[in-house]
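For reference, upload.cif (mmCIF, C-alpha atoms):
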data_model
loop_
_atom_site.label_atom_id
_atom_site.label_comp_id
_atom_site.auth_asym_id
_atom_site.auth_seq_id
_atom_site.Cartn_x
_atom_site.Cartn_y
_atom_site.Cartn_z
CA MET A 1 132.30 77.42 -141.46
CA ARG A 2 130.68 80.05 -139.28
CA PRO A 3 132.09 78.56 -136.09
CA ILE A 4 135.57 78.25 -137.59
CA PHE A 5 135.51 81.93 -138.49
CA GLY A 6 134.86 82.68 -134.84
CA ILE A 7 137.65 80.33 -133.75
CA GLY A 8 140.25 82.57 -135.41
CA ALA A 9 138.82 85.53 -133.49
CA LEU A 10 138.67 83.54 -130.24
CA ALA A 11 142.31 82.48 -130.63
CA HIS A 12 143.39 86.06 -131.26
CA ASP A 13 141.59 87.40 -128.19
CA SER A 14 142.96 84.53 -126.07
CA HIS A 15 146.51 85.51 -127.18
CA PHE A 16 147.43 82.55 -129.38
CA SER A 17 149.56 83.00 -132.52
CA LEU A 18 148.08 82.71 -136.01
CA GLY A 19 150.33 79.75 -136.87
CA TRP A 20 149.19 77.95 -133.74
CA VAL A 21 145.49 78.33 -134.51
CA LEU A 22 146.03 77.32 -138.17
CA GLY A 23 147.89 74.27 -136.88
CA SER A 24 144.92 73.49 -134.66
CA THR A 25 142.50 73.72 -137.60
CA LEU A 26 144.70 71.35 -139.65
CA LEU A 27 145.62 68.84 -136.93
CA VAL A 28 142.68 68.89 -134.52
CA TRP A 29 140.06 69.37 -137.25
CA ALA A 30 137.13 69.46 -134.84
CA GLY A 31 135.60 72.84 -134.02
CA PRO A 32 134.31 71.99 -130.53
CA ALA A 33 137.68 70.52 -129.52
CA GLN A 34 139.48 73.62 -130.80
CA ILE A 35 137.19 75.86 -128.79
CA ILE A 36 137.59 73.75 -125.64
CA LEU A 37 141.37 73.78 -126.13
CA ILE A 38 141.57 77.53 -126.71
CA SER A 39 139.10 78.54 -124.01
CA THR A 40 140.45 76.20 -121.30
CA LEU A 41 144.10 77.09 -121.98
CA GLY A 42 143.14 80.76 -122.37
CA SER A 43 141.37 80.78 -119.00
CA GLY A 44 144.48 79.45 -117.27
CA ALA A 45 143.93 75.68 -117.15
CA THR A 46 147.00 73.43 -117.34
CA ALA A 47 147.77 71.40 -120.47
CA VAL A 48 146.75 68.21 -118.64
CA GLN A 49 143.36 69.67 -117.66
CA ALA A 50 142.80 70.84 -121.25
CA ALA A 51 143.84 67.45 -122.64
CA ILE A 52 141.35 65.65 -120.37
CA ALA A 53 138.50 67.95 -121.38
CA VAL A 54 139.35 67.59 -125.09
CA THR A 55 139.70 63.80 -124.84
CA VAL A 56 136.28 63.41 -123.26
CA SER A 57 134.62 65.74 -125.77
CA ALA A 58 136.29 63.89 -128.66
CA ILE A 59 134.62 60.59 -127.79
CA ARG A 60 131.76 61.69 -130.02
CA LEU A 61 134.08 61.27 -133.04
CA PHE A 62 134.14 57.53 -132.41
CA PRO A 63 130.50 56.85 -133.32
CA MET A 64 130.80 59.22 -136.31
CA VAL A 65 133.73 57.23 -137.72
CA VAL A 66 132.01 53.95 -137.02
CA SER A 67 128.84 55.01 -138.82
CA VAL A 68 130.39 56.67 -141.88
CA LEU A 69 133.21 54.29 -142.87
CA PRO A 70 130.91 51.47 -144.05
CA LEU A 71 129.68 53.89 -146.75
CA MET A 72 133.15 53.86 -148.34
CA LYS A 73 134.32 50.31 -147.90
CA THR A 74 134.58 47.86 -150.78
CA PRO A 75 135.82 44.26 -150.50
CA LYS A 76 139.24 45.48 -151.73
CA THR A 77 139.55 48.34 -149.22
CA ARG A 78 142.44 48.00 -146.77
CA ARG A 79 142.46 49.75 -143.43
CA ARG A 80 145.38 52.01 -144.41
CA HIS A 81 143.33 53.38 -147.33
CA LEU A 82 140.92 54.81 -144.77
CA VAL A 83 143.39 56.55 -142.43
CA LEU A 84 143.25 59.98 -144.10
CA VAL A 85 139.48 59.76 -144.56
CA THR A 86 139.19 58.98 -140.85
CA HIS A 87 141.24 62.06 -139.94
CA PHE A 88 138.89 64.26 -141.99
CA ILE A 89 135.80 63.02 -140.16
CA ALA A 90 134.22 65.75 -138.05
CA VAL A 91 130.66 67.03 -137.90
CA THR A 92 130.72 68.81 -141.29
CA LEU A 93 132.24 65.97 -143.30
CA TRP A 94 130.06 63.43 -141.52
CA VAL A 95 126.90 65.29 -142.58
CA GLU A 96 128.15 65.82 -146.14
CA CYS A 97 129.11 62.16 -146.55
CA TYR A 98 125.57 61.09 -145.81
CA ARG A 99 124.28 63.66 -148.28
CA LEU A 100 126.79 63.23 -151.13
CA LEU A 101 128.26 59.72 -151.06
CA PRO A 102 125.11 57.94 -152.27
CA LYS A 103 125.55 59.84 -155.56
CA VAL A 104 129.17 58.66 -155.96
CA PRO A 105 130.12 55.19 -157.29
CA ARG A 106 131.31 53.11 -154.35
CA GLU A 107 134.85 52.45 -155.65
CA ARG A 108 135.45 56.19 -156.02
CA ARG A 109 134.12 57.28 -152.64
CA ILE A 110 137.45 57.31 -150.80
CA ALA A 111 139.05 59.54 -153.45
CA PHE A 112 135.96 61.74 -153.45
CA THR A 113 136.12 62.12 -149.66
CA HIS A 114 139.84 62.95 -149.82
CA GLY A 115 139.01 65.79 -152.21
CA LEU A 116 136.08 66.96 -150.12
CA GLY A 117 138.18 66.85 -146.94
CA CYS A 118 141.09 68.80 -148.49
CA GLY A 119 138.66 71.39 -149.82
CA LEU A 120 136.93 71.81 -146.46
CA VAL A 121 140.26 72.08 -144.61
CA SER A 122 141.49 74.73 -147.09
CA VAL A 123 138.34 76.81 -146.77
CA CYS A 124 138.48 76.55 -142.98
CA MET A 125 142.16 77.61 -142.91
CA VAL A 126 141.21 80.74 -144.88
CA ALA A 127 138.24 81.37 -142.56
CA THR A 128 140.45 80.93 -139.49
CA THR A 129 142.96 83.46 -140.88
CA LEU A 130 140.19 85.93 -141.74
CA GLY A 131 138.62 85.64 -138.30
CA TYR A 132 142.00 86.10 -136.64
CA GLY A 133 142.84 89.12 -138.80
CA LEU A 134 139.43 90.72 -138.32
CA ALA A 135 139.57 90.32 -134.53
CA ALA A 136 142.98 92.03 -134.60
CA ASN A 137 141.95 94.95 -136.78
CA LEU A 138 138.26 95.67 -136.31
CA PRO A 139 136.80 98.16 -133.84
CA PRO A 140 135.66 96.46 -130.57
CA LEU A 141 132.01 96.50 -131.63
CA PHE A 142 132.60 94.25 -134.65
CA ALA A 143 135.24 92.19 -132.91
CA ALA A 144 132.63 91.37 -130.24
CA ALA A 145 130.17 90.39 -132.97
CA ILE A 146 132.69 87.96 -134.51
CA LEU A 147 133.41 86.43 -131.10
CA LEU A 148 129.68 85.91 -130.56
CA LEU A 149 129.53 83.84 -133.79
CA THR A 150 131.21 80.89 -132.10
CA PRO A 151 128.81 80.28 -129.19
CA LEU A 152 125.78 81.26 -131.26
CA ALA A 153 126.53 79.01 -134.23
CA PHE A 154 127.53 76.11 -131.98
CA LEU A 155 124.42 76.44 -129.86
CA LEU A 156 122.15 76.43 -132.91
CA SER A 157 123.94 73.65 -134.78
CA THR A 158 123.93 71.52 -131.63
CA ALA A 159 120.24 72.26 -131.18
CA ARG A 160 119.57 71.17 -134.76
CA ASN A 161 121.47 67.92 -134.28
CA CYS A 162 119.35 66.96 -131.25
CA ARG A 163 117.61 63.73 -132.15
CA GLN A 164 116.45 62.39 -128.81
CA ILE A 165 115.17 63.74 -125.51
CA SER A 166 118.60 62.93 -124.02
CA ASP A 167 120.30 65.29 -126.51
CA VAL A 168 117.95 68.18 -125.73
CA LEU A 169 118.25 67.67 -121.97
CA ALA A 170 122.04 67.40 -122.22
CA LEU A 171 122.18 70.73 -124.05
CA VAL A 172 119.87 72.56 -121.62
CA LEU A 173 121.38 71.05 -118.45
CA GLY A 174 124.91 71.59 -119.75
CA LEU A 175 124.20 75.30 -120.31
CA ALA A 176 122.57 75.65 -116.88
CA LEU A 177 125.10 73.66 -114.84
CA PHE A 178 128.30 75.25 -116.11
CA PRO A 179 127.79 78.68 -114.46
CA LEU A 180 127.12 76.96 -111.11
CA ILE A 181 130.06 74.57 -111.31
CA SER A 182 132.43 77.28 -112.55
CA MET A 183 132.09 78.89 -109.11
CA LEU A 184 134.07 75.95 -107.73
CA HIS A 185 137.12 76.90 -109.89
CA THR A 186 138.32 73.32 -110.23
CA GLY A 187 140.11 73.86 -113.56
CA VAL A 188 138.05 71.02 -115.06
CA ASP A 189 134.68 72.77 -114.58
CA ILE A 190 133.63 72.01 -118.16
CA LEU A 191 134.35 68.33 -117.69
CA ILE A 192 132.47 68.08 -114.38
CA SER A 193 129.42 69.95 -115.64
CA GLY A 194 129.46 68.03 -118.96
CA VAL A 195 129.71 64.54 -117.48
CA THR A 196 127.11 65.38 -114.80
CA ALA A 197 124.60 66.97 -117.18
CA GLY A 198 125.14 64.29 -119.85
CA THR A 199 124.70 61.47 -117.36
CA ILE A 200 121.50 63.00 -115.91
CA ALA A 201 120.17 63.41 -119.47
CA TYR A 202 121.02 59.80 -120.25
CA GLY A 203 119.40 58.72 -116.96
CA VAL A 204 116.15 60.40 -117.97
CA HIS A 205 116.30 58.68 -121.36
CA TRP A 206 116.94 55.31 -119.67
CA TRP A 207 114.11 55.84 -117.18
CA ARG A 208 111.65 56.80 -119.93
CA GLU A 209 112.60 53.82 -122.14
CA ARG A 210 112.09 51.56 -119.18
CA GLY A 211 108.78 53.18 -118.37
CA HIS A 212 107.50 52.55 -121.89
CA ALA A 213 108.81 49.00 -122.11
CA MET B 1 158.73 82.13 -138.02
CA SER B 2 158.73 81.68 -134.26
CA GLU B 3 156.38 84.63 -133.98
CA PHE B 4 154.01 83.01 -136.48
CA PHE B 5 153.87 79.65 -134.71
CA GLY B 6 154.50 80.75 -131.13
CA SER B 7 156.85 78.88 -128.79
CA PRO B 8 157.77 75.20 -129.33
CA HIS B 9 156.12 74.62 -125.97
CA ALA B 10 152.78 75.94 -127.29
CA LEU B 11 153.06 73.67 -130.34
CA LEU B 12 153.81 70.69 -128.12
CA ILE B 13 150.66 71.45 -126.12
CA LEU B 14 148.72 71.67 -129.39
CA VAL B 15 149.84 68.17 -130.36
CA LEU B 16 149.46 66.58 -126.92
CA ALA B 17 146.26 68.28 -125.73
CA GLY B 18 144.63 68.99 -129.10
CA PHE B 19 145.71 66.62 -131.87
CA LEU B 20 146.22 63.31 -130.02
CA PRO B 21 143.01 63.34 -127.91
CA ASN B 22 140.94 63.66 -131.10
CA GLU B 23 142.98 61.37 -133.32
CA ILE B 24 142.88 58.57 -130.74
CA TRP B 25 139.09 58.36 -130.96
CA ARG B 26 139.06 58.58 -134.76
CA MET B 27 141.62 55.80 -135.09
CA ALA B 28 139.80 53.74 -132.43
CA GLY B 29 136.72 54.03 -134.64
CA LEU B 30 138.76 52.82 -137.63
CA TRP B 31 140.31 49.88 -135.77
CA PHE B 32 137.55 48.70 -133.43
CA GLY B 33 134.44 50.17 -135.01
CA ALA B 34 133.25 47.16 -136.99
CA GLY B 35 131.50 45.50 -134.06
CA VAL B 36 129.83 48.54 -132.52
CA ASP B 37 126.10 49.00 -132.91
CA GLU B 38 125.29 52.59 -133.80
CA GLY B 39 122.14 52.65 -131.69
CA SER B 40 123.73 51.13 -128.58
CA GLU B 41 123.06 52.59 -125.14
CA VAL B 42 126.73 53.46 -124.57
CA LEU B 43 126.75 55.65 -127.66
CA ILE B 44 123.59 57.45 -126.52
CA TRP B 45 125.37 58.27 -123.24
CA VAL B 46 128.53 59.31 -125.13
CA ARG B 47 126.50 61.66 -127.29
CA ALA B 48 124.70 63.15 -124.27
CA VAL B 49 127.99 63.81 -122.46
CA ALA B 50 129.62 65.25 -125.58
CA THR B 51 126.62 67.52 -126.12
CA ALA B 52 126.68 68.67 -122.48
CA ILE B 53 130.42 69.40 -122.67
CA LEU B 54 129.84 71.50 -125.75
CA ALA B 55 126.99 73.27 -123.93
CA GLY B 56 129.43 74.00 -121.10
CA VAL B 57 131.89 75.52 -123.55
CA ILE B 58 129.16 77.70 -125.03
CA ALA B 59 128.15 78.79 -121.51
CA GLN B 60 131.79 79.52 -120.64
CA ILE B 61 132.24 81.87 -123.60
CA LEU B 62 129.01 83.68 -122.65
CA VAL B 63 129.58 83.83 -118.88
CA GLN B 64 133.35 84.45 -118.92
CA PRO B 65 133.70 86.15 -122.33
CA PRO B 66 137.14 86.55 -123.93
CA GLY B 67 138.57 89.79 -125.33
CA ALA B 68 136.24 92.22 -127.04
CA LEU B 69 133.12 90.28 -126.06
CA ALA B 70 133.82 91.17 -122.41
CA GLY B 71 133.03 94.79 -123.33
CA VAL B 72 129.41 93.85 -124.01
CA PRO B 73 127.10 93.99 -120.94
CA ASP B 74 125.91 90.59 -119.62
CA TRP B 75 122.24 91.20 -120.38
CA LEU B 76 123.01 92.09 -123.98
CA ARG B 77 125.10 88.95 -124.56
CA TYR B 78 122.39 86.71 -123.12
CA GLY B 79 119.66 88.70 -124.89
CA ALA B 80 121.40 88.35 -128.26
CA VAL B 81 121.75 84.58 -127.85
CA ALA B 82 118.13 84.28 -126.70
CA ALA B 83 117.00 86.28 -129.76
CA GLY B 84 119.08 84.03 -132.01
CA LEU B 85 117.54 80.94 -130.46
CA ALA B 86 114.01 82.38 -130.80
CA MET B 87 114.56 83.20 -134.49
CA PHE B 88 116.02 79.71 -135.03
CA MET B 89 112.82 78.19 -133.60
CA LEU B 90 110.53 80.53 -135.57
CA THR B 91 112.24 79.78 -138.88
CA ARG B 92 111.99 75.98 -138.50
CA ARG B 93 115.55 75.55 -137.33
CA SER B 94 117.41 77.83 -139.72
CA ILE B 95 120.88 78.31 -138.25
CA PHE B 96 121.58 81.17 -140.63
CA ALA B 97 118.49 83.16 -139.59
CA GLY B 98 119.24 82.54 -135.90
CA VAL B 99 122.86 83.66 -136.18
CA VAL B 100 121.91 86.79 -138.13
CA ALA B 101 119.19 87.70 -135.58
CA GLY B 102 121.56 87.26 -132.64
CA GLU B 103 124.26 89.34 -134.31
CA VAL B 104 121.82 92.12 -135.25
CA ILE B 105 120.59 92.36 -131.63
CA LEU B 106 124.17 92.48 -130.35
CA LEU B 107 125.26 95.17 -132.82
CA ALA B 108 122.08 97.23 -132.39
CA GLY B 109 122.25 97.01 -128.61
CA LYS B 110 125.91 98.00 -128.48
CA TRP B 111 125.34 100.84 -130.93
CA TRP B 112 122.37 102.08 -128.92
CA LEU B 113 124.43 102.00 -125.70
CA GLY B 114 127.07 104.06 -127.52
#

Written form, structure tokens:
Amino acid sequence: MRPIFGIGALAHDSHFSLGWVLGSTLLVWAGPAQIILISTLGSGATAVQAAIAVTVSAIRLFPMVVSVLPLMKTPKTRRRHLVLVTHFIAVTLWVECYRLLPKVPRERRIAFTHGLGCGLVSVCMVATTLGYGLAANLPPLFAAAILLLTPLAFLLSTARNCRQISDVLALVLGLALFPLISMLHTGVDILISGVTAGTIAYGVHWWRERGHA
Amino acid sequence: MSEFFGSPHALLILVLAGFLPNEIWRMAGLWFGAGVDEGSEVLIWVRAVATAILAGVIAQILVQPPGALAGVPDWLRYGAVAAGLAMFMLTRRSIFAGVVAGEVILLAGKWWLG
């Protein structure tokens, strides 16, 4: 919610149209990917460079889908029944499914998730529009404050989702490496710093596991 | 309507660079997910890289700020985020308290600078 509000403002200040950013909320439905898309395209990267960065960042959706779908399956569930549910899966829905689905009878969970997903998308579309409109009409002081919501909320929600040493290291190294790598002006700076920092973080995790084994 | 949605070219980029890259991984999870162990080493690496990419995006917005945020001095942007992070830690990981603290520092600092 808070990040999506900032995404509308970010899109406005990066010169995207309102329809475009609403389309991105509906179709992309993943805050980090939207921000990567808007900020890479806005800073002059080509569509191919943006697509590569978004594709790599979106890999994290794979484990989310894998872990949440078993909560909804019944012996009668067909794969096509789960297509829309799968589209709705992003960080917010993933967290809410773990919290809410145990209270819902199993055979009704797909319908429940469809309702939850539609509701979340609707609220986020309104928030996107509000953020966009506010960035367009507010004095610079408040417009700056709305733009700060995105990095601030993402930093803190990522920090809260850190479960292992590798997650914490990836966050810290990723923040520290980007300013250095951005000096190279490769167009895929985010990708290079992300894969490097993530792999170092994983390496430390691997080395520690091995040390304890 | 074209003003609302932007050029067809921009919409095409949205679908090719925004929609498909995400949907591919979701649908891959739906089709091939049954045999994947949630705690596997590959997924730990995937999560670390995804986290680091997100960290890079956060850093990019702070280091190369868009629009109105560029009018805020560097030290104030970094200071506001640091204050938000500190409040987040102090309040046992309350995102709300952290965001409010960061925003208050930014607004107060900018107001004080005039």

(Q) I'd like the neighbourhood of Ala53 in chain A as number ranges by chain, where a residue qualifies if any of its atoms comes within 10 Å (using only C-alpha atoms), though same-chain residues fewer than 2 positions away should be ignored. (A) A: 33, 36-37, 40, 47-51, 55-58, 187-192, 194; B: 17-18, 21, 53

**Asked** Can you list what the PyMOL selection byres ((chain A) within 6 of (chain B)) grabs from this structure, as an MDAnalysis selection string?
**Response** chainID A and resid 13 17:20 27:28 51 55 57:62 65:66 140 143:144 151 156 167 170:171 174:175 178 190 194:195 197:198 202

In Å and to one decimal, CA of Arg106 in chain A is distant from CA of Met72 in chain A by 6.3 Å

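If you look at CA of Leu155 in chain A and CA of Pro139 in chain A, they are 25.3 Å away from each other.
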
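Using all atoms listed in the file, the protein and nucleic acid residues lying no more than 9 Å from Gln164 in chain A, apart from those fewer than 4 places from it along its own chain, are Val168, Leu169 and His205 of chain A; Ile44 of chain B.
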
Carefully work through the PyMOL selection byres ((chain A and resi 4) around 12) for this structure and note down the residues it includes, as a PyMOL selection string. chain A and resi 1-3+5-11+21-22+24-26+29-35+92+120-132+146-151+153-154

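The space separating CA of Leu93 in chain A from CA of Leu116 in chain A comes to 7.9 Å.
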
Got a minute to add N, CA, C and O atoms to range 29-50 of chain A and dump it as a compact mmCIF listing (two decimals), in the coordinates of the input?
# COMPACT_ATOMS: atom_id res chain seq x y z
N TRP A 29 141.16 69.53 -136.29
CA TRP A 29 140.06 69.37 -137.25
C TRP A 29 138.75 68.95 -136.58
O TRP A 29 138.09 67.99 -136.97
N ALA A 30 138.41 69.67 -135.51
CA ALA A 30 137.13 69.46 -134.84
C ALA A 30 136.84 70.75 -134.08
O ALA A 30 137.53 71.07 -133.13
N GLY A 31 135.88 71.52 -134.58
CA GLY A 31 135.60 72.84 -134.02
C GLY A 31 135.41 72.84 -132.51
O GLY A 31 136.06 73.62 -131.81
N PRO A 32 134.53 71.96 -131.97
CA PRO A 32 134.31 71.99 -130.53
C PRO A 32 135.60 71.77 -129.75
O PRO A 32 135.86 72.45 -128.75
N ALA A 33 136.43 70.81 -130.22
CA ALA A 33 137.68 70.52 -129.52
C ALA A 33 138.60 71.73 -129.56
O ALA A 33 139.28 72.04 -128.57
N GLN A 34 138.64 72.42 -130.70
CA GLN A 34 139.48 73.62 -130.80
C GLN A 34 139.03 74.67 -129.80
O GLN A 34 139.84 75.32 -129.16
N ILE A 35 137.71 74.84 -129.70
CA ILE A 35 137.19 75.86 -128.79
C ILE A 35 137.47 75.48 -127.34
O ILE A 35 137.88 76.32 -126.54
N ILE A 36 137.30 74.20 -127.01
CA ILE A 36 137.59 73.75 -125.64
C ILE A 36 139.07 73.99 -125.35
O ILE A 36 139.44 74.52 -124.30
N LEU A 37 139.92 73.63 -126.31
CA LEU A 37 141.37 73.78 -126.13
C LEU A 37 141.73 75.25 -125.91
O LEU A 37 142.43 75.60 -124.96
N ILE A 38 141.23 76.11 -126.79
CA ILE A 38 141.57 77.53 -126.71
C ILE A 38 140.99 78.17 -125.45
O ILE A 38 141.67 78.90 -124.73
N SER A 39 139.71 77.85 -125.15
CA SER A 39 139.10 78.54 -124.01
C SER A 39 139.60 78.00 -122.67
O SER A 39 139.76 78.77 -121.73
N THR A 40 139.91 76.69 -122.58
CA THR A 40 140.45 76.20 -121.30
C THR A 40 141.88 76.70 -121.09
O THR A 40 142.20 77.21 -120.02
N LEU A 41 142.73 76.59 -122.13
CA LEU A 41 144.10 77.09 -121.98
C LEU A 41 144.10 78.60 -121.76
O LEU A 41 144.84 79.12 -120.93
N GLY A 42 143.21 79.31 -122.49
CA GLY A 42 143.14 80.76 -122.37
C GLY A 42 142.67 81.22 -120.99
O GLY A 42 143.01 82.30 -120.53
N SER A 43 141.85 80.38 -120.32
CA SER A 43 141.37 80.78 -119.00
C SER A 43 142.28 80.25 -117.90
O SER A 43 141.92 80.25 -116.72
N GLY A 44 143.46 79.76 -118.27
CA GLY A 44 144.48 79.45 -117.27
C GLY A 44 144.56 78.01 -116.83
O GLY A 44 145.27 77.69 -115.89
N ALA A 45 143.84 77.09 -117.52
CA ALA A 45 143.93 75.68 -117.15
C ALA A 45 145.29 75.13 -117.58
O ALA A 45 145.94 75.68 -118.47
N THR A 46 145.74 74.05 -116.94
CA THR A 46 147.00 73.43 -117.34
C THR A 46 146.76 72.59 -118.61
O THR A 46 145.62 72.30 -118.96
N ALA A 47 147.88 72.20 -119.26
CA ALA A 47 147.77 71.40 -120.47
C ALA A 47 147.09 70.06 -120.18
O ALA A 47 146.32 69.55 -121.00
N VAL A 48 147.35 69.50 -118.99
CA VAL A 48 146.75 68.21 -118.64
C VAL A 48 145.23 68.35 -118.49
O VAL A 48 144.46 67.53 -119.01
N GLN A 49 144.80 69.43 -117.82
CA GLN A 49 143.36 69.67 -117.66
C GLN A 49 142.69 69.85 -119.03
O GLN A 49 141.62 69.31 -119.28
N ALA A 50 143.35 70.63 -119.91
CA ALA A 50 142.80 70.84 -121.25
C ALA A 50 142.74 69.53 -122.02
O ALA A 50 141.74 69.23 -122.67
